[in-house]
Amino acid sequence: MTTSRNSRAGLTTATKADRIAAPKTPVTTPTLSASLLIAILLVAANLRVTLTGVGTLLPAIEHDTGLTASAGGVLSTLPLFVFAVTSPFVGRTSHRVGTTRLLVAALAVLAVGTVIRSLPSIACLFAGTVILSVAIAVGNVLLPTVIRTHVPGPRVHTVSALYVTAMGVVAALSSGISVPLAEALPGTWHSALAWGVVVAVAALAVWLPRLRGSRPDGGVRSRGTHARTPWRSWLAWQVSFFMGLQSLAFYTAVAWLPSILGQQGMSTTAAGWMLFYYQLVALVTSMLLPLITRGRHDQRFAAAAGSAIVAAGFALLLLFPALALAACTLLGLGAGVCLVLALSFQSQRATGPSETTALAGMAQSIGYLVAAAGPLLLGVLHDTTGSWTGALLLLTALSLVMAAAGYGAGRDRHVQTPA
């Protein structure tokens, strides 16, 4: 069911399938401590750092291992498939073992997976990618729940923007320094893939003390049961598709933007820094968005406008390759807006912590399944046509579809999850 804050008591805009009683939520008011905020930001820093450097290193990986562009697309797409498969199980597992325990386990697995991926073996390259992607999927789903549980409602959007900022800073840094690290370190791109373990260990050190007194999450929901996935809610599907399409645009850019720019005549190092610039613009935009949208519960136009800007960036990259800097600026502006909103919707459109986990699990499962098609499909298109024209046309069209999904997901409504 979807309900509006602006509706009169008892008035609903839900579909008949969604009309179920809303569960009672805890009456305690959450507070946010500085130590918890730091812990949240360190988890956020780990959600992309091991992924974004792959795009800039992909030409070297393909050259050394003999991987084709299609196989490189599989390597870039594999984390998204793992996210899609893992996300639906995170909520129930968290309900049984506890959010803190599951996060600590995920951070430890992330560190191990990062090391395995850097070993000199194609099998380890793919196996390590799967392992670390499982760990990242857990963090992706649980972080909105941690925020919904511990952050006061009016500050959810701001904290979401802060964790997007932390995620973006480290991700952009990874994109920018991966090629220089590969050139400077003795292990070349293998060593460059391993540096993210430092971030994982730092987060693990902060979260380990929080294991004391941690417990299963069964008491979070008043009825002591795990909220079920809201498959029958149209609003939940809109949140999921918006999440998926913005992820598709981002991960496609991370995977193939350096290759696209390289085919247009840019050097590998310059293309890597252009990817860094794209993420830097997205980062600045995500920091400014809460100031622009402060106090606004209805975010339809912000989501639609951000998506349209992404479409304009892909179109400019296609039609005027010489304006790559302007194109990356537009892509970054739109990406920053859409990412903050996509993550915020998973908290703001739910009625409580357990419901947030259920909605986040659905949004990230469906969303990353949609996103997974991006790098793989574009790699196949490029191999088939020998050009990025078809890929950029498709990305422009999908960004316009994202605008429609964002307009729906941005409505001031709540998803009601079944018991």
# chains A, B, ... in the order shown; residues from 1 in each chain; ligands from 1
>>> residues_around(residues="Gln279 (chain A)", least_positions_apart="6", cutoff="7 Å", atoms="only C-alpha atoms", output="VMD selection string")
chain A and resid 168 172 332
>>> select_by_dssp(residues="region 234-298 of chain A", states="alpha helix (DSSP H)", output="number ranges by chain")
A: 234-263, 268-292
>>> closest_residue(among="A:Leu37, A:Leu369, A:Leu394, A:Ala171", to="Val156 (chain A)", atoms="only C-alpha atoms")
A:Leu37
>>> closest_residue(among="A:Ala194, A:Ala371, A:Ala391, A:Leu57", to="Pro180 (chain A)", atoms="only C-alpha atoms")
A:Leu57
>>> closest_atom_pairs(of="region 330-416 of chain A", to="region 88-109 of chain A", cutoff="8 Å", atoms="only C-alpha atoms", output="Markdown table")
| residue | atom | partner | partner_atom | distance |
| --- | --- | --- | --- | --- |
| A:Ser354 | CA | A:Gly91 | CA | 7.8 |
| A:Thr357 | CA | A:Gly91 | CA | 5.5 |
| A:Ala358 | CA | A:Gly91 | CA | 6.2 |
| A:Gly361 | CA | A:Pro88 | CA | 4.9 |
| A:Met362 | CA | A:Pro88 | CA | 6.3 |
| A:Ser365 | CA | A:Pro88 | CA | 6.2 |
>>> residues_around(residues="region 327-330 of chain A", least_positions_apart="3", cutoff="8 Å", atoms="only C-alpha atoms", output="VMD selection string")
chain A and resid 274 to 275 277 to 278 281 309 to 310 312 to 314 316 to 317 323 to 324 333 to 334
>>> write_last_selection(atoms="N, CA, C and O atoms", output="compact mmCIF listing (two decimals), in the first residue's frame")
# COMPACT_ATOMS: atom_id res chain seq x y z
N MET A 274 39.47 11.08 -16.32
CA MET A 274 38.16 11.57 -16.72
C MET A 274 37.06 10.81 -15.96
O MET A 274 36.04 11.41 -15.55
N LEU A 275 37.27 9.53 -15.75
CA LEU A 275 36.34 8.76 -14.93
C LEU A 275 36.35 9.27 -13.49
O LEU A 275 35.31 9.35 -12.83
N TYR A 277 36.99 12.36 -12.67
CA TYR A 277 36.27 13.64 -12.72
C TYR A 277 34.76 13.42 -12.72
O TYR A 277 34.01 14.12 -12.01
N TYR A 278 34.29 12.46 -13.50
CA TYR A 278 32.86 12.12 -13.54
C TYR A 278 32.34 11.79 -12.14
O TYR A 278 31.29 12.29 -11.70
N VAL A 281 32.31 14.99 -9.85
CA VAL A 281 31.12 15.83 -10.07
C VAL A 281 29.90 15.20 -9.41
O VAL A 281 29.09 15.89 -8.76
N ILE A 309 19.18 14.68 -17.16
CA ILE A 309 20.55 15.19 -17.30
C ILE A 309 21.50 14.06 -17.68
O ILE A 309 22.41 14.24 -18.49
N VAL A 310 21.29 12.86 -17.09
CA VAL A 310 22.11 11.71 -17.47
C VAL A 310 21.91 11.39 -18.95
O VAL A 310 22.88 11.14 -19.69
N ALA A 312 21.09 13.43 -21.30
CA ALA A 312 21.77 14.47 -22.07
C ALA A 312 23.28 14.22 -22.13
O ALA A 312 23.92 14.46 -23.16
N GLY A 313 23.86 13.73 -21.04
CA GLY A 313 25.29 13.44 -21.02
C GLY A 313 25.67 12.34 -21.99
O GLY A 313 26.66 12.47 -22.73
N PHE A 314 24.90 11.26 -22.01
CA PHE A 314 25.19 10.17 -22.96
C PHE A 314 25.01 10.64 -24.40
O PHE A 314 25.79 10.27 -25.29
N LEU A 316 25.36 13.68 -25.58
CA LEU A 316 26.46 14.58 -25.93
C LEU A 316 27.74 13.79 -26.22
O LEU A 316 28.47 14.12 -27.16
N LEU A 317 27.97 12.74 -25.44
CA LEU A 317 29.14 11.91 -25.66
C LEU A 317 29.08 11.23 -27.03
O LEU A 317 30.10 11.03 -27.70
N LEU A 323 33.52 17.07 -26.93
CA LEU A 323 33.01 17.70 -25.71
C LEU A 323 32.90 16.68 -24.58
O LEU A 323 31.95 16.70 -23.79
N ALA A 324 33.88 15.79 -24.49
CA ALA A 324 33.85 14.73 -23.47
C ALA A 324 33.80 15.30 -22.06
O ALA A 324 33.12 14.75 -21.18
N LEU A 333 26.59 15.15 -12.82
CA LEU A 333 25.50 15.89 -12.17
C LEU A 333 24.27 15.01 -12.00
O LEU A 333 23.68 14.93 -10.92
N GLY A 334 23.88 14.34 -13.07
CA GLY A 334 22.70 13.49 -13.00
C GLY A 334 22.91 12.29 -12.10
O GLY A 334 22.02 11.90 -11.33
>>> residues_around(residues="region 42-52 of chain A", least_positions_apart="2", cutoff="9 Å", atoms="only C-alpha atoms", output="VMD selection string")
chain A and resid 37 to 40 54 to 56 76 79 103 107 110 114 129 132 to 133 135 to 137 139 to 140 143 163 to 175 193 to 197 199 to 200 202 to 204 206 251 254 to 255
>>> write_last_selection(atoms="C-alpha atoms", output="compact mmCIF listing (two decimals), in the first residue's frame")
# COMPACT_ATOMS: atom_id res chain seq x y z
CA LEU A 37 28.11 8.12 11.83
CA ILE A 38 31.80 7.30 11.36
CA ALA A 39 30.96 3.58 11.35
CA ILE A 40 28.25 4.15 8.72
CA VAL A 54 38.39 -2.32 -12.48
CA GLY A 55 37.16 -0.13 -15.34
CA THR A 56 40.43 1.78 -15.64
CA SER A 76 32.27 -5.94 -14.76
CA PRO A 79 29.18 -8.13 -9.10
CA LEU A 103 27.94 -6.45 8.88
CA LEU A 107 33.50 -6.81 6.14
CA LEU A 110 35.17 -8.47 1.79
CA THR A 114 39.74 -8.58 -2.23
CA THR A 129 35.08 -10.91 -7.46
CA LEU A 132 33.72 -9.64 -2.36
CA SER A 133 30.47 -8.93 -4.22
CA ALA A 135 29.93 -9.00 1.08
CA ILE A 136 29.14 -5.70 -0.66
CA ALA A 137 25.56 -6.85 -1.30
CA GLY A 139 26.34 -3.82 3.14
CA ASN A 140 24.17 -2.38 0.37
CA LEU A 143 23.05 0.31 5.46
CA TYR A 163 27.26 8.09 3.01
CA VAL A 164 26.92 8.58 -0.74
CA THR A 165 29.66 11.20 -0.39
CA ALA A 166 31.97 8.82 1.48
CA MET A 167 31.23 6.10 -1.04
CA GLY A 168 31.88 8.49 -3.92
CA VAL A 169 35.14 9.93 -2.55
CA VAL A 170 36.77 6.55 -2.13
CA ALA A 171 35.31 5.21 -5.39
CA ALA A 172 36.58 8.19 -7.36
CA LEU A 173 39.98 7.90 -5.69
CA SER A 174 40.11 4.25 -6.68
CA SER A 175 39.36 5.12 -10.30
CA LEU A 193 43.24 -4.40 -7.33
CA ALA A 194 44.34 -5.23 -3.77
CA TRP A 195 44.59 -1.78 -2.22
CA GLY A 196 40.91 -1.70 -1.21
CA VAL A 197 41.63 -4.23 1.53
CA VAL A 199 39.52 0.30 3.64
CA ALA A 200 37.85 -3.00 4.54
CA ALA A 202 39.63 -0.03 8.77
CA ALA A 203 35.86 -0.52 8.75
CA LEU A 204 36.21 -3.93 10.40
CA VAL A 206 35.51 0.15 13.93
CA TYR A 251 28.28 0.78 -13.54
CA VAL A 254 32.60 2.81 -14.60
CA ALA A 255 33.17 -0.25 -16.79
>>> residues_around(residues="Leu393 (chain A)", least_positions_apart="6", cutoff="10 Å", atoms="only C-alpha atoms", output="list in words")
Ala311, Phe314, Ala315, Leu318 and Leu319 of chain A
>>> closest_atom_pairs(of="region 302-363 of chain A", to="region 224-243 of chain A", cutoff="12 Å", atoms="only C-alpha atoms", output="Markdown table")
| residue | atom | partner | partner_atom | distance |
| --- | --- | --- | --- | --- |
| A:Ala303 | CA | A:Phe242 | CA | 8.8 |
| A:Ala304 | CA | A:Phe242 | CA | 10.0 |
| A:Gly306 | CA | A:Phe242 | CA | 11.3 |
| A:Ser307 | CA | A:Phe242 | CA | 9.3 |
| A:Ala335 | CA | A:Met243 | CA | 11.4 |
| A:Val337 | CA | A:Phe242 | CA | 11.9 |
| A:Cys338 | CA | A:Phe242 | CA | 8.2 |
| A:Leu339 | CA | A:Met243 | CA | 7.8 |
| A:Val340 | CA | A:Met243 | CA | 10.1 |
| A:Leu341 | CA | A:Met243 | CA | 8.8 |
| A:Ala342 | CA | A:Met243 | CA | 5.2 |
| A:Leu343 | CA | A:Met243 | CA | 7.6 |
| A:Ser344 | CA | A:Val239 | CA | 10.0 |
| A:Phe345 | CA | A:Val239 | CA | 6.7 |
| A:Gln346 | CA | A:Val239 | CA | 7.3 |
| A:Ser347 | CA | A:Val239 | CA | 10.7 |
| A:Gln348 | CA | A:Val239 | CA | 10.7 |
| A:Arg349 | CA | A:Ala236 | CA | 8.2 |
| A:Ala350 | CA | A:Ala236 | CA | 9.2 |
| A:Thr351 | CA | A:Ala227 | CA | 10.5 |
| A:Gly352 | CA | A:Ala227 | CA | 9.5 |
| A:Pro353 | CA | A:Ala227 | CA | 9.2 |
| A:Ser354 | CA | A:Ala227 | CA | 5.6 |
| A:Glu355 | CA | A:Ala227 | CA | 5.4 |
| A:Thr356 | CA | A:Ala227 | CA | 8.7 |
| A:Thr357 | CA | A:Ala227 | CA | 7.9 |
| A:Ala358 | CA | A:Thr229 | CA | 5.0 |
| A:Leu359 | CA | A:Thr229 | CA | 6.4 |
| A:Ala360 | CA | A:Ser240 | CA | 8.4 |
| A:Gly361 | CA | A:Thr229 | CA | 7.6 |
| A:Met362 | CA | A:Thr229 | CA | 6.4 |
| A:Ala363 | CA | A:Ser240 | CA | 3.9 |
>>> closest_residue(among="A:Met402, A:Thr158, A:Ala192, A:Phe320", to="Ser286 (chain A)", atoms="only C-alpha atoms")
A:Thr158
